[in-house]
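First the structure, in the form of structure tokens, and then the observations on it.
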Amino acid sequence: MEVIEQFFSGAPVWANAIFFIIGLVLIIKGGDWFVDSASWIAEVLGVPKFVIGATIVSIATTLPEMIVSIAATLRGNVDMAAGNAIGSVTANTAMIMAVFLIFMPFTVKRKEFAPKGILMFLASLGLVLGCIFTPKNTMTFAGETNTYYSLSIYGTIFLAIVFIVFFIENFISMKNSSVQIEPSPTNIGLQEEDDIVPTRDSVTSSDWVKNIAMFIIGAAGTVIGAELLVNAGTSLAEEIHVPQRIISVFAVAIGTSLPELVTTITALRKKEGALSAGNILGANIIDLTLILPICSFISMGKGAGTLAVSVSSVTIDMVVCLAAIVIAVFPTIITKKLQRWQGILMLLGYLGYIGVTVVAK
């Protein structure tokens, strides 16, 4: 581990930038292959469709964020561990969903949107409260000395409970749905009804070899990509004197949000607004209620206490995230519409947030 860190710290800026991009590509493509093959194997083995949807598909687009945050926590890189998850939620809501709404506002079914929207709001509010009431302490990492809060054990447990509630609600909703949407290997959640679903009788040995190979290569790609991304990102921040928090909440977070962006672009092309909104809400809830508690428990297992979160992340990044969620959720629940003005307001806020953060670094 130390040899790897020394390698990246001694590499020139351009080399670390290349490794950073390679790591991002490996995570996104590796995660894509991993999920596609896992979905295929589950279908062939006869796992119920709604179980696949409520588990593999729900977690699919958050896999890059999960791998990066866990790898960062294991390496003690606290700014990237929390910043990536929080930044991804903000990017998903205030950038990706906002752009979609500007081009295609649409109506929603309150009974479908409200539970997930409220859970997302409770998760973001619980995260802020779970950090802000903990004692501050000073830590030095990667040459930077900053003041940190920590995600309290109560906050960690609350987020985990919200995830369990989300999982159960998602599971029941899919089971009771009159129209079951198949997870598609190339476009999760957007598969056409006449797509062929693999069965034990229809697959060949070459299909098994191909999908098992994709499963192994995809898993390896996500792990290796995460190592490259975290190490190269840390070294880049040191060399160009950019705080880890900025690298995490913008470069890494936007990069690992590319699966949601691709799904949203496809949904825009197919005029499937509900699918895009559902994907973003689900991904955000998982980012907040699965990734952060896992990182917090890992941190506790290392004897470092619960997950450390910088004061800037709590007072700026989380507040912006919470504000974007409020704009996206509550007017929609009241009017049963996701409207263009919400998209414009969120996008302007996000651009202002980027500008202020970069200037104030």
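Just so we're on the same page: first chain in the structure tokens is A, next is B, and so on; residues restart at 1 for each chain, and ligands are numbered from 1 in the order they show up.
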
Open item on the list: Taking 3 positions as the minimum chain separation for residues in the same chain, which residues sit within 7 Å of A:Thr289 when counting only C-alpha atoms? Answer as a list in words.
Closed with: Ala123, Leu159, Ala160, Val162, Phe163, Ile285, Ile286, Leu292 and Pro293 of chain A

Task: Within 10 Å of stretch 349-352 of chain A using only C-alpha atoms, minus same-chain residues under 2 positions, as JSON, numbers by chain - done: {"A": [90, 91, 93, 94, 95, 98, 320, 321, 323, 324, 343, 344, 345, 346, 347, 354, 355, 356, 357, 358]}

Task: DSSP-assigned alpha helix (DSSP H) members of stretch 57-95 of chain A, reported as a VMD selection string - done: chain A and resid 58 to 60 63 to 74 78 to 91

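Closest approach to A:Ser313 among A:Ile333, A:Leu281, A:Ile157, A:Val78 is made by A:Val78 (distances from only C-alpha atoms).
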
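The gap separating atom CA of A:Glu112 from atom CA of A:Gln339 is 16.9 Å, in Å to one decimal.
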
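Minimum atom-to-atom distances from A:Thr222, A:Ser299, A:Asn231, A:Thr315 to A:Asn16 were compared using only C-alpha atoms, and the lowest value belongs to A:Asn231.
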